[in-house]
Structures are given as C-alpha cells and as structure tokens.
Amino acid sequence: MAKTKLTSSETAILRELIFPETVDHIVSETGLPFGAIRDDLMKMINYGYIEVYDEASLRLVSPFYDSDNIRSFTYKATKSGLKYIQTHAF
C-alpha cells in the first residue's frame with residue numbers, strides 16, 4: 001500500500017482504534033460528525049489502516065462489509081495503522 005499522509009480527523013479516529021471500537025464510541029470520543037467519520041473510516045479501510053469486525057461475533061469481515069450499515073460493525077487499527085500512529089506521534 002502506498003504511503004499516505006492522513007488528515008487530522010483520520011489520525012484522531014485511528015488513535016481511538018487500538019482496541020475494537022464502535023462508530024458511536026468514535027463519535028463520542030472525537031467529537032467529529034458521523035458523516036465525516038464514515039468517510040474517513042472507508043478511506044482508511046481502503047488504505048489498509050483499519051480492519052472491520054462483525055459486532056456480534058467479533059469475526060473479521062473486511063473487506064466484505066456493508067458500508068451502508070457501518071454502525072453494525074466494530075473497527076480496529078491494523079498493524080500498518082498502529083505503525084502510522086507510532087511514527088506520527090506528537
């Protein structure tokens with residue numbers, strides 16, 4: 001995957017995903033609007049920085065998830081996402 005500079009909102013979201021978290025948790029912790037979080041999550045999933053898990057079973061479902069129902073899933077940073085956090089810490 002190509003190296004990508006994340007925006008401040010994407011970085012804030014990624015920092016919340018050290019452990020699997022729901023969209024509602026991300027909204028409450030970052031204060032970002034739902035629409036921005038949805039867009040950023042989808043971008044970072046495509047970058048390979050976030051994995052998607054079924055909320056009920058906690059089974060990995062990415063990249064095959066229903067992006068129209070993002071509240072039905074939990075999200076966690078991948079190894080690449082965690083490395084990004086570590087190398088871009090401030």
# chains A, B, ... in the order shown; residues from 1 in each chain; ligands from 1
call {"tool": "select_by_dssp", "arguments": {"residues": "chain A", "states": "strand (DSSP E)", "output": "list in words"}}
result
Glu21, Thr22, Ile50, Glu51, Val52, Tyr53, Asp54, Phe73, Thr74, Tyr75, Lys76 and Ala77 of chain A
call {"tool": "select_by_dssp", "arguments": {"residues": "chain A", "states": "alpha helix (DSSP H)", "output": "count of residues only"}}
result
39
call {"tool": "residues_around", "arguments": {"residues": "Thr30 (chain A)", "least_positions_apart": "3", "cutoff": "9 Å", "atoms": "only C-alpha atoms", "output": "PyMOL selection string"}}
result
chain A and resi 9+12-13+16+25-27+33
call {"tool": "residues_around", "arguments": {"residues": "Arg71 (chain A)", "least_positions_apart": "4", "cutoff": "9 Å", "atoms": "only C-alpha atoms", "output": "list in words"}}
result
Thr22, Val23, Asp24 and Glu55 of chain A
call {"tool": "write_last_selection", "arguments": {"atoms": "C-alpha atoms", "output": "PDB file, in the first residue's frame"}}
result
ATOM      1  CA  THR A  22     -17.943   1.057  17.546  1.00  0.00           C
ATOM      2  CA  VAL A  23     -18.800   4.108  15.467  1.00  0.00           C
ATOM      3  CA  ASP A  24     -20.760   5.540  18.401  1.00  0.00           C
ATOM      4  CA  GLU A  55     -20.010  -6.509  16.169  1.00  0.00           C
TER       5      GLU A  55
END
call {"tool": "closest_residue", "arguments": {"among": "A:Lys5, A:Lys83, A:Lys76, A:His88", "to": "Glu21 (chain A)", "atoms": "only C-alpha atoms"}}
result
A:Lys76
call {"tool": "closest_residue", "arguments": {"among": "A:Ala77, A:Phe34, A:Met42, A:Tyr49", "to": "Tyr65 (chain A)", "atoms": "only C-alpha atoms"}}
result
A:Met42
call {"tool": "atom_distance", "arguments": {"atom1": "CA of Arg15 (chain A)", "atom2": "CA of Ile85 (chain A)"}}
result
6.7 Å
call {"tool": "atom_distance", "arguments": {"atom1": "CA of Ala56 (chain A)", "atom2": "CA of Gln86 (chain A)"}}
result
29.6 Å
call {"tool": "atom_distance", "arguments": {"atom1": "CA of Thr74 (chain A)", "atom2": "CA of Asp54 (chain A)"}}
result
6.4 Å
call {"tool": "closest_residue", "arguments": {"among": "A:Asp40, A:Ile70, A:Thr87, A:Val61", "to": "Glu10 (chain A)", "atoms": "only C-alpha atoms"}}
result
A:Asp40
call {"tool": "closest_residue", "arguments": {"among": "A:Thr78, A:Ser8, A:Ser28, A:Asn46", "to": "Leu60 (chain A)", "atoms": "only C-alpha atoms"}}
result
A:Thr78
